[in-house]
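Peer 1: This is the structure I want to talk about, given as structure tokens.
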Number of protein chains: 2
Amino acid sequence: MAKESLVHFISHHLAADHQAAASELAQHFQERLLSKGEYFMKEGQASNEYLFLEEGCIRAYTTDTEGNDVTTGFYIKNKVVFEVSSFFNRTRSKENLQALIDCKGYCLTYLQLKELFHAVTAYREFGRAMLVKGFVALKERTLSLINETAEERYAGLISANPEIFQYAPLKHIASYLGITDSSLSRIRKEFQKK
Amino acid sequence: MAKESLVHFISHHLAADHQAAASELAQHFQERLLSKGEYFMKEGQASNEYLFLEEGCIRAYTTDTEGNDVTTGFYIKNKVVFEVSSFFNRTRSKENLQALIDCKGYCLTYLQLKELFHAVTAYREFGRAMLVKGFVALKERTLSLINETAEERYAGLISANPEIFQYAPLKHIASYLGITDSSLSRIRKEFQKK
DNA sequence: GCCATTTCTTGTCATTTGGCAAGTTGTTTT
DNA sequence: AAAACAACTTGCCAAATGACAAGAAATGGC
């Protein structure tokens with residue numbers, strides 16, 4: 001069956017007594033392709049879509065007050081991609097979501113999500129799980145910015161998500177880690193000695 | 001009426017067509033007092049409660065790998081206090097929530113929340129709004145750790161939440177800002193010259 | 001009121017990181 | 001193939017921050 005990865009992903013986030021709902025929920029998602037460089041969302045827009053990424057890699061970034069491009073996240077396959085604030089608060093996004101390579105996924109519009117959320121118990125569970133998961137992941141990232149060194153953060157990222165290094169240029173990874181690209185280059189140099 | 005602040009808070013987070021539900025929802029909350037120094041939650045426990053803080057100030061902190069105490073958040077009056085991960089995933093918390101001064105609030109247990117979440121449309125909306133709000137606030141904080149200087153983060157905190165400085169010792173604020181207490185002391189010295 | 005503890009500040013010095021610019025390599029465009 | 005551009009590295013120096021220790025100030029307990 002198509003959407004197999006999506007069904008599996010949804011079912012993984014549902015309690016035992018709602019397993020049956022997984023493939024029903026997956027049916028509401030629509031296939032979505034993005035080619036390398038294409039934007040899933042641009043800043044200034046209100047985000048209307050929620051995406052499960054089956055293949056590919058997407059970078060989230062924003063522009064800081066001095067005009068620099070700052071990477072706020074990377075999404076790889078089998079992850080859900082959305083910008084919380086603009087999606088749920090229906091506001092214009094300050095972030096961009098851009099495909100680093102060709103991507104394939106399945107998406108849901110805000111209206112579909114809203115309806116499913118109120119109508120289907122299993123979907124409430126799934127939707128909340130996605131929010132909680134993103135929140136918890138961000139908490140860990142924030143903590144790492146506070147109590148790990150740049151080198152530790154680098155080591156952590158390369159061990160947890162090596163595929164990102166295949167697709168993203170180092171300057172994107174540097175801003176995600178909270179350092180400059182020169183510093184990252186030096187850290188890599190030190191790191192490979194070990 | 002008692003719980004006025006809570007009713008007001010809830011109604012502020014509900015869409016126009018659900019306003020009537022605010023005081024009904026507030027009825028499920030139970031008054032909760034904490035004295036200075038008391039823990040609302042300790043690490044190692046699974047969090048069972050969700051708190052609306054009417055008066056007081058609570059600090060969230062965790063212990064890093066070297067045994068240092070790191071402040072992960074401050075909660076002031078008219079905010080909702082909970083630890084996402086342990087509350088929603090029903091796992092043991094790595095964080096502590098401790099009253100910095102005497103506090104008064106209203107709380108809801110996980111079971112109550114779960115029931116209300118499925119039974120009451122307005123509560124789903126409220127619950128999701130709380131999650132989204134916390135998530136968005138954390139995103140901003142994370143970004144500030146990446147592209148603001150320590151002094152800018154200090155200035156931001158003191159202008160947005162001056163009351164925290166009344167209740168928390170500087171070392172707690174320092175770890176929240178991602179710097180040492182000596183650095184914070186020096187930053188304050190520089191800052192007051194301006 | 002006095003002692004003990006915590007909080008806060010300050011000094012010195014080392015380390016990390018940034019800013020800037022140059023140089024190399026690799027990739028895309030024409 | 002040449003030119004233009006982006007990516008990555010490296011050198012040099014400055015700025016920010018940390019580590020550690022000492023001391024002053026404030027607070028809490030008895």
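Going through the structure tokens in order, the chains are called A, B, and so on, while each chain numbers its residues from 1 and the ligands are numbered from 1 in the order shown.
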For the contact check between chain C and chain B, emit one row per residue of chain C within 8 Å, containing the shortest atom pair and the distance in Å rounded to one decimal, counting only C-alpha atoms (C1' of nucleotides), chain then rising number order, as a Markdown table.
Peer 2:
```
| residue | atom | partner | partner_atom | distance |
| --- | --- | --- | --- | --- |
| C:DT7 | C1' | B:Pro169 | CA | 7.3 |
| C:DC8 | C1' | B:Ser185 | CA | 7.4 |
| C:DT9 | C1' | B:Ser185 | CA | 6.7 |
```
Peer 1: Provide as a PDB file with C-alpha atoms, in the first residue's frame the residues of chain A at most 7 Å from chain B, counting only C-alpha atoms.
Peer 2:
```pdb
ATOM      1  CA  VAL A  84       3.831  25.896  15.193  1.00  0.00           C
ATOM      2  CA  SER A  85       3.153  29.553  15.492  1.00  0.00           C
ATOM      3  CA  VAL A 132       4.448  17.445  22.548  1.00  0.00           C
ATOM      4  CA  PHE A 135       8.168  20.810  22.174  1.00  0.00           C
ATOM      5  CA  VAL A 136      10.259  18.235  24.007  1.00  0.00           C
ATOM      6  CA  THR A 142      17.759  24.682  24.096  1.00  0.00           C
ATOM      7  CA  ILE A 146      23.174  26.348  27.426  1.00  0.00           C
ATOM      8  CA  GLY A 178      24.720  28.701  17.292  1.00  0.00           C
TER       9      GLY A 178
END
```
Peer 1: Please find the residues of chain D near chain B - the criterion being any atom within 10 Å, counting only C-alpha atoms (C1' of nucleotides) - and write them as a list in words.
Peer 2: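 Result: DA16, DT17, DG18 and DA19 of chain D.
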Peer 1: Would you write out those residues with N, CA and C atoms (P, O5', C5', C4', C3', O3' and C1' of nucleotides), as a compact mmCIF listing (two decimals), in the first residue's frame?
Peer 2:
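Final file, selection-v8.txt:
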```
# COMPACT_ATOMS: atom_id res chain seq x y z
P DA D 16 32.66 42.62 23.56
O5' DA D 16 32.43 41.10 23.95
C5' DA D 16 31.97 40.19 22.95
C4' DA D 16 31.81 38.83 23.58
C3' DA D 16 31.09 38.83 24.93
O3' DA D 16 30.16 37.75 24.90
C1' DA D 16 33.22 37.80 25.15
P DT D 17 29.14 37.58 26.12
O5' DT D 17 29.87 36.46 26.98
C5' DT D 17 30.15 35.21 26.36
C4' DT D 17 31.07 34.42 27.23
C3' DT D 17 30.62 34.27 28.69
O3' DT D 17 30.17 32.92 28.85
C1' DT D 17 32.97 34.58 28.48
P DG D 18 29.88 32.34 30.32
O5' DG D 18 31.28 31.66 30.66
C5' DG D 18 31.83 30.73 29.74
C4' DG D 18 33.01 30.02 30.35
C3' DG D 18 32.79 29.49 31.77
O3' DG D 18 33.44 28.23 31.88
C1' DG D 18 34.58 31.05 31.78
P DA D 19 33.23 27.33 33.17
O5' DA D 19 34.60 27.49 33.99
C5' DA D 19 35.84 27.23 33.35
C4' DA D 19 36.95 27.44 34.37
C3' DA D 19 36.59 26.99 35.79
O3' DA D 19 37.70 26.28 36.31
C1' DA D 19 37.27 29.27 35.79
```
Peer 1: Take chain B, superimpose it onto chain A by least squares using every C-alpha atom paired in sequence order, and output the result as an mmCIF file with C-alpha atoms, in the first residue's frame.
Peer 2:
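Writing the result to out.cif gives the following:
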```cif
data_model
loop_
_atom_site.group_PDB
_atom_site.id
_atom_site.type_symbol
_atom_site.label_atom_id
_atom_site.label_comp_id
_atom_site.auth_asym_id
_atom_site.auth_seq_id
_atom_site.Cartn_x
_atom_site.Cartn_y
_atom_site.Cartn_z
ATOM 1 C CA MET B 1 0.063 0.010 -0.018
ATOM 2 C CA ALA B 2 1.074 3.574 -0.592
ATOM 3 C CA LYS B 3 1.562 5.770 2.477
ATOM 4 C CA GLU B 4 2.922 2.799 4.335
ATOM 5 C CA SER B 5 5.491 4.912 6.112
ATOM 6 C CA LEU B 6 2.804 7.372 7.159
ATOM 7 C CA VAL B 7 0.509 4.694 8.497
ATOM 8 C CA HIS B 8 3.386 3.233 10.421
ATOM 9 C CA PHE B 9 4.313 6.621 11.794
ATOM 10 C CA ILE B 10 0.782 7.454 12.901
ATOM 11 C CA SER B 11 0.223 4.104 14.483
ATOM 12 C CA HIS B 12 3.463 4.501 16.391
ATOM 13 C CA HIS B 13 1.986 7.593 18.024
ATOM 14 C CA LEU B 14 -1.365 6.156 18.966
ATOM 15 C CA ALA B 15 -2.239 4.172 22.062
ATOM 16 C CA ALA B 16 -2.982 0.478 21.637
ATOM 17 C CA ASP B 17 -6.754 0.935 21.587
ATOM 18 C CA HIS B 18 -6.645 3.343 18.645
ATOM 19 C CA GLN B 19 -4.396 1.425 16.314
ATOM 20 C CA ALA B 20 -7.197 0.714 13.896
ATOM 21 C CA ALA B 21 -7.569 4.425 13.170
ATOM 22 C CA ALA B 22 -4.076 4.808 11.756
ATOM 23 C CA SER B 23 -4.798 3.918 8.160
ATOM 24 C CA GLU B 24 -8.082 5.784 8.235
ATOM 25 C CA LEU B 25 -6.241 8.916 9.316
ATOM 26 C CA ALA B 26 -3.560 8.426 6.704
ATOM 27 C CA GLN B 27 -6.224 8.511 3.992
ATOM 28 C CA HIS B 28 -6.816 12.178 4.617
ATOM 29 C CA PHE B 29 -3.255 13.057 3.762
ATOM 30 C CA GLN B 30 -2.412 14.024 0.228
ATOM 31 C CA GLU B 31 0.821 13.243 -1.564
ATOM 32 C CA ARG B 32 3.177 16.172 -1.911
ATOM 33 C CA LEU B 33 6.406 16.465 -3.880
ATOM 34 C CA LEU B 34 9.010 19.188 -3.505
ATOM 35 C CA SER B 35 12.053 19.595 -5.667
ATOM 36 C CA LYS B 36 15.397 20.684 -4.356
ATOM 37 C CA GLY B 37 15.336 24.342 -3.425
ATOM 38 C CA GLU B 38 11.566 24.580 -3.468
ATOM 39 C CA TYR B 39 9.808 26.236 -0.528
ATOM 40 C CA PHE B 40 7.188 24.399 1.463
ATOM 41 C CA MET B 41 6.517 27.712 3.195
ATOM 42 C CA LYS B 42 7.863 31.226 2.863
ATOM 43 C CA GLU B 43 8.088 33.880 5.538
ATOM 44 C CA GLY B 44 5.209 36.317 5.460
ATOM 45 C CA GLN B 45 2.720 33.609 4.569
ATOM 46 C CA ALA B 46 0.302 31.985 6.947
ATOM 47 C CA SER B 47 1.112 28.311 6.956
ATOM 48 C CA ASN B 48 -1.759 26.170 5.832
ATOM 49 C CA GLU B 49 -0.169 22.803 5.698
ATOM 50 C CA TYR B 50 1.145 20.098 7.880
ATOM 51 C CA LEU B 51 3.568 17.673 6.269
ATOM 52 C CA PHE B 52 4.769 14.179 6.984
ATOM 53 C CA LEU B 53 8.111 13.798 5.223
ATOM 54 C CA GLU B 54 8.604 10.371 3.730
ATOM 55 C CA GLU B 55 11.817 11.102 1.868
ATOM 56 C CA GLY B 56 14.111 14.089 1.678
ATOM 57 C CA CYS B 57 15.321 16.842 3.943
ATOM 58 C CA ILE B 58 13.887 20.254 4.767
ATOM 59 C CA ARG B 59 15.550 23.190 6.447
ATOM 60 C CA ALA B 60 13.730 25.815 8.527
ATOM 61 C CA TYR B 61 15.321 29.209 8.736
ATOM 62 C CA THR B 62 14.589 32.769 9.657
ATOM 63 C CA THR B 63 16.265 36.115 9.151
ATOM 64 C CA ASP B 64 17.646 37.883 12.197
ATOM 65 C CA THR B 65 17.655 41.610 12.867
ATOM 66 C CA GLU B 66 20.959 42.057 11.036
ATOM 67 C CA GLY B 67 19.701 40.237 7.985
ATOM 68 C CA ASN B 68 21.551 36.983 8.622
ATOM 69 C CA ASP B 69 20.006 33.699 7.753
ATOM 70 C CA VAL B 70 19.640 31.521 10.880
ATOM 71 C CA THR B 71 18.723 27.852 10.653
ATOM 72 C CA THR B 72 16.089 26.963 13.218
ATOM 73 C CA GLY B 73 15.656 23.320 12.349
ATOM 74 C CA PHE B 74 16.271 20.398 10.054
ATOM 75 C CA TYR B 75 13.648 17.826 9.219
ATOM 76 C CA ILE B 76 14.518 14.436 7.828
ATOM 77 C CA LYS B 77 12.501 11.476 6.647
ATOM 78 C CA ASN B 78 9.807 10.142 8.894
ATOM 79 C CA LYS B 79 9.382 13.447 10.664
ATOM 80 C CA VAL B 80 6.490 15.833 10.702
ATOM 81 C CA VAL B 81 7.167 19.344 9.418
ATOM 82 C CA PHE B 82 5.210 22.444 10.434
ATOM 83 C CA GLU B 83 5.769 25.848 11.931
ATOM 84 C CA VAL B 84 3.828 25.894 15.204
ATOM 85 C CA SER B 85 3.157 29.551 15.491
ATOM 86 C CA SER B 86 1.876 30.315 12.041
ATOM 87 C CA PHE B 87 0.081 27.017 11.653
ATOM 88 C CA PHE B 88 -1.839 27.030 14.915
ATOM 89 C CA ASN B 89 -2.180 30.732 15.510
ATOM 90 C CA ARG B 90 -2.966 31.463 11.873
ATOM 91 C CA THR B 91 -0.403 34.238 11.722
ATOM 92 C CA ARG B 92 2.225 35.148 9.164
ATOM 93 C CA SER B 93 5.325 33.073 9.549
ATOM 94 C CA LYS B 94 8.750 34.488 10.286
ATOM 95 C CA GLU B 95 10.255 31.243 9.090
ATOM 96 C CA ASN B 96 10.955 29.610 5.776
ATOM 97 C CA LEU B 97 10.792 25.901 5.091
ATOM 98 C CA GLN B 98 12.894 24.910 2.118
ATOM 99 C CA ALA B 99 13.683 21.530 0.571
ATOM 100 C CA LEU B 100 17.420 20.790 0.658
ATOM 101 C CA ILE B 101 16.920 17.905 -1.757
ATOM 102 C CA ASP B 102 13.969 16.447 -3.613
ATOM 103 C CA CYS B 103 11.300 15.492 -1.109
ATOM 104 C CA LYS B 104 8.235 13.336 -0.993
ATOM 105 C CA GLY B 105 5.631 13.456 1.717
ATOM 106 C CA TYR B 106 1.977 13.618 2.601
ATOM 107 C CA CYS B 107 0.157 16.653 3.813
ATOM 108 C CA LEU B 108 -2.948 17.854 5.520
ATOM 109 C CA THR B 109 -4.475 21.331 5.413
ATOM 110 C CA TYR B 110 -5.332 23.324 8.494
ATOM 111 C CA LEU B 111 -9.024 22.888 7.861
ATOM 112 C CA GLN B 112 -8.731 19.136 7.549
ATOM 113 C CA LEU B 113 -6.680 18.998 10.683
ATOM 114 C CA LYS B 114 -9.146 21.100 12.598
ATOM 115 C CA GLU B 115 -12.049 18.906 11.598
ATOM 116 C CA LEU B 116 -10.264 15.690 12.343
ATOM 117 C CA PHE B 117 -9.076 17.081 15.621
ATOM 118 C CA HIS B 118 -12.593 17.635 16.866
ATOM 119 C CA ALA B 119 -14.211 14.642 15.238
ATOM 120 C CA VAL B 120 -11.758 11.817 15.785
ATOM 121 C CA THR B 121 -10.457 10.791 19.179
ATOM 122 C CA ALA B 122 -7.399 9.109 17.717
ATOM 123 C CA TYR B 123 -6.494 12.211 15.817
ATOM 124 C CA ARG B 124 -6.590 14.367 18.900
ATOM 125 C CA GLU B 125 -4.156 11.982 20.415
ATOM 126 C CA PHE B 126 -1.923 12.034 17.372
ATOM 127 C CA GLY B 127 -2.038 15.806 16.988
ATOM 128 C CA ARG B 128 -1.184 16.379 20.596
ATOM 129 C CA ALA B 129 1.614 13.829 20.449
ATOM 130 C CA MET B 130 3.157 15.742 17.529
ATOM 131 C CA LEU B 131 3.039 19.008 19.435
ATOM 132 C CA VAL B 132 4.477 17.465 22.555
ATOM 133 C CA LYS B 133 7.217 15.737 20.610
ATOM 134 C CA GLY B 134 8.307 18.928 18.913
ATOM 135 C CA PHE B 135 8.182 20.816 22.163
ATOM 136 C CA VAL B 136 10.280 18.259 24.020
ATOM 137 C CA ALA B 137 12.842 18.107 21.223
ATOM 138 C CA LEU B 138 13.176 21.874 21.323
ATOM 139 C CA LYS B 139 13.658 21.822 25.080
ATOM 140 C CA GLU B 140 16.567 19.470 24.651
ATOM 141 C CA ARG B 141 18.090 21.587 21.953
ATOM 142 C CA THR B 142 17.761 24.699 24.112
ATOM 143 C CA LEU B 143 19.408 22.991 27.044
ATOM 144 C CA SER B 144 22.249 21.861 24.829
ATOM 145 C CA LEU B 145 22.821 25.468 23.776
ATOM 146 C CA ILE B 146 23.183 26.368 27.432
ATOM 147 C CA ASN B 147 25.233 23.606 28.899
ATOM 148 C CA GLU B 148 27.159 21.980 26.107
ATOM 149 C CA THR B 149 30.174 23.350 24.290
ATOM 150 C CA ALA B 150 29.965 23.984 20.576
ATOM 151 C CA GLU B 151 32.041 20.869 19.987
ATOM 152 C CA GLU B 152 29.674 18.732 22.056
ATOM 153 C CA ARG B 153 26.699 20.051 20.142
ATOM 154 C CA TYR B 154 28.480 19.276 16.882
ATOM 155 C CA ALA B 155 29.317 15.775 18.038
ATOM 156 C CA GLY B 156 25.745 15.264 19.150
ATOM 157 C CA LEU B 157 24.281 16.375 15.852
ATOM 158 C CA ILE B 158 26.611 14.321 13.711
ATOM 159 C CA SER B 159 25.942 11.229 15.742
ATOM 160 C CA ALA B 160 22.169 11.693 15.939
ATOM 161 C CA ASN B 161 21.570 13.055 12.420
ATOM 162 C CA PRO B 162 24.507 12.303 10.158
ATOM 163 C CA GLU B 163 22.307 12.597 7.055
ATOM 164 C CA ILE B 164 21.951 16.325 7.565
ATOM 165 C CA PHE B 165 25.642 16.698 6.790
ATOM 166 C CA GLN B 166 25.058 15.121 3.404
ATOM 167 C CA TYR B 167 22.468 17.649 2.391
ATOM 168 C CA ALA B 168 23.139 20.942 4.136
ATOM 169 C CA PRO B 169 26.131 23.238 3.643
ATOM 170 C CA LEU B 170 28.151 23.825 6.786
ATOM 171 C CA LYS B 171 27.034 27.405 7.213
ATOM 172 C CA HIS B 172 23.473 26.227 7.713
ATOM 173 C CA ILE B 173 24.596 23.701 10.268
ATOM 174 C CA ALA B 174 26.754 26.320 11.978
ATOM 175 C CA SER B 175 23.891 28.726 12.565
ATOM 176 C CA TYR B 176 21.758 25.849 13.815
ATOM 177 C CA LEU B 177 24.495 25.053 16.347
ATOM 178 C CA GLY B 178 24.719 28.704 17.291
ATOM 179 C CA ILE B 179 28.226 29.342 15.961
ATOM 180 C CA THR B 180 29.827 30.876 12.872
ATOM 181 C CA ASP B 181 30.880 28.805 9.899
ATOM 182 C CA SER B 182 34.564 29.506 10.562
ATOM 183 C CA SER B 183 34.229 28.192 14.090
ATOM 184 C CA LEU B 184 32.468 25.104 12.826
ATOM 185 C CA SER B 185 35.253 24.535 10.358
ATOM 186 C CA ARG B 186 37.816 24.711 13.155
ATOM 187 C CA ILE B 187 35.779 22.444 15.386
ATOM 188 C CA ARG B 188 35.603 19.857 12.619
ATOM 189 C CA LYS B 189 39.344 20.044 12.228
ATOM 190 C CA GLU B 190 39.901 19.430 15.937
ATOM 191 C CA PHE B 191 37.230 16.793 16.030
ATOM 192 C CA GLN B 192 38.660 14.576 13.327
ATOM 193 C CA LYS B 193 41.975 14.371 15.125
ATOM 194 C CA LYS B 194 40.247 12.328 17.811
#
```
Peer 1: Among region 62-183 of chain A, which residues does DSSP mark as strand (DSSP E) when it is run on the backbone? Keep the chain and numbering as in the structure and answer as a ChimeraX atom specification.
Peer 2: /A:62-63,69-76,79-81,95-99,103-109
Peer 1: If you run DSSP on the backbone, which residues of chain B are helix (DSSP H, G or I), as a PyMOL selection string?
Peer 2: chain B and resi 4-12+16-18+21-27+84-89+110-119+121-147+150-160+162-167+170-177+181-193
Peer 1: For DT28 (chain C), list every protein, DNA or RNA residue within 10 Å, evaluated using only C-alpha atoms (C1' of nucleotides), and leave out those in the same chain fewer than 5 positions away; present the list as a PDB file with N, CA and C atoms (P, O5', C5', C4', C3', O3' and C1' of nucleotides), in the first residue's frame.
Peer 2:
```pdb
ATOM      1  P    DA D   4      33.815  37.041 -14.790  1.00  0.00           P
ATOM      2  O5'  DA D   4      32.771  36.280 -13.863  1.00  0.00           O
ATOM      3  C5'  DA D   4      31.521  35.860 -14.407  1.00  0.00           C
ATOM      4  C4'  DA D   4      30.742  35.155 -13.300  1.00  0.00           C
ATOM      5  C3'  DA D   4      30.807  35.867 -11.952  1.00  0.00           C
ATOM      6  O3'  DA D   4      29.486  35.983 -11.450  1.00  0.00           O
ATOM      7  C1'  DA D   4      31.454  33.606 -11.713  1.00  0.00           C
ATOM      8  P    DC D   5      29.301  36.726 -10.015  1.00  0.00           P
ATOM      9  O5'  DC D   5      29.021  35.468  -9.077  1.00  0.00           O
ATOM     10  C5'  DC D   5      28.195  34.413  -9.576  1.00  0.00           C
ATOM     11  C4'  DC D   5      28.288  33.226  -8.646  1.00  0.00           C
ATOM     12  C3'  DC D   5      28.256  33.591  -7.151  1.00  0.00           C
ATOM     13  O3'  DC D   5      27.172  32.915  -6.564  1.00  0.00           O
ATOM     14  C1'  DC D   5      29.975  32.021  -7.627  1.00  0.00           C
ATOM     15  P    DA D   6      26.784  33.332  -5.025  1.00  0.00           P
ATOM     16  O5'  DA D   6      27.072  31.950  -4.289  1.00  0.00           O
ATOM     17  C5'  DA D   6      26.530  30.750  -4.823  1.00  0.00           C
ATOM     18  C4'  DA D   6      27.215  29.588  -4.142  1.00  0.00           C
ATOM     19  C3'  DA D   6      27.207  29.677  -2.619  1.00  0.00           C
ATOM     20  O3'  DA D   6      26.744  28.423  -2.129  1.00  0.00           O
ATOM     21  C1'  DA D   6      29.432  29.385  -3.422  1.00  0.00           C
TER      22       DA D   6
END
```
Peer 1: Give me the residues within 12 Å of DC20 (chain C) as a PyMOL selection string, counting only C-alpha atoms (C1' of nucleotides) and dropping any in the same chain fewer than 3 places off.
Peer 2: (chain A and resi 182) or (chain D and resi 11-14)
Peer 1: Write the residues of the preceding selection, restricted to N, CA and C atoms (P, O5', C5', C4', C3', O3' and C1' of nucleotides), as a compact mmCIF listing (two decimals), in the first residue's frame.
Peer 2:
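For reference, result35.txt as written:
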```
# COMPACT_ATOMS: atom_id res chain seq x y z
N SER A 182 33.13 29.70 10.34
CA SER A 182 34.57 29.53 10.57
C SER A 182 34.79 28.70 11.83
P DG D 11 46.74 28.05 9.41
O5' DG D 11 46.90 29.63 9.56
C5' DG D 11 47.30 30.40 8.42
C4' DG D 11 47.19 31.88 8.75
C3' DG D 11 47.65 32.25 10.16
O3' DG D 11 48.51 33.38 10.09
C1' DG D 11 45.45 33.06 9.78
P DC D 12 49.36 33.83 11.38
O5' DC D 12 48.58 35.15 11.83
C5' DC D 12 48.27 36.15 10.85
C4' DC D 12 47.37 37.19 11.50
C3' DC D 12 47.70 37.46 12.97
O3' DC D 12 47.82 38.85 13.19
C1' DC D 12 45.40 36.99 12.72
P DC D 13 48.54 39.35 14.56
O5' DC D 13 47.32 40.08 15.30
C5' DC D 13 46.51 40.99 14.55
C4' DC D 13 45.15 41.08 15.21
C3' DC D 13 45.19 41.40 16.72
O3' DC D 13 44.46 42.60 16.93
C1' DC D 13 43.67 39.65 16.23
P DA D 14 44.38 43.20 18.44
O5' DA D 14 42.81 43.23 18.66
C5' DA D 14 41.94 43.55 17.57
C4' DA D 14 40.52 43.27 18.01
C3' DA D 14 40.20 43.73 19.43
O3' DA D 14 38.89 44.28 19.44
C1' DA D 14 39.88 41.38 19.27
```
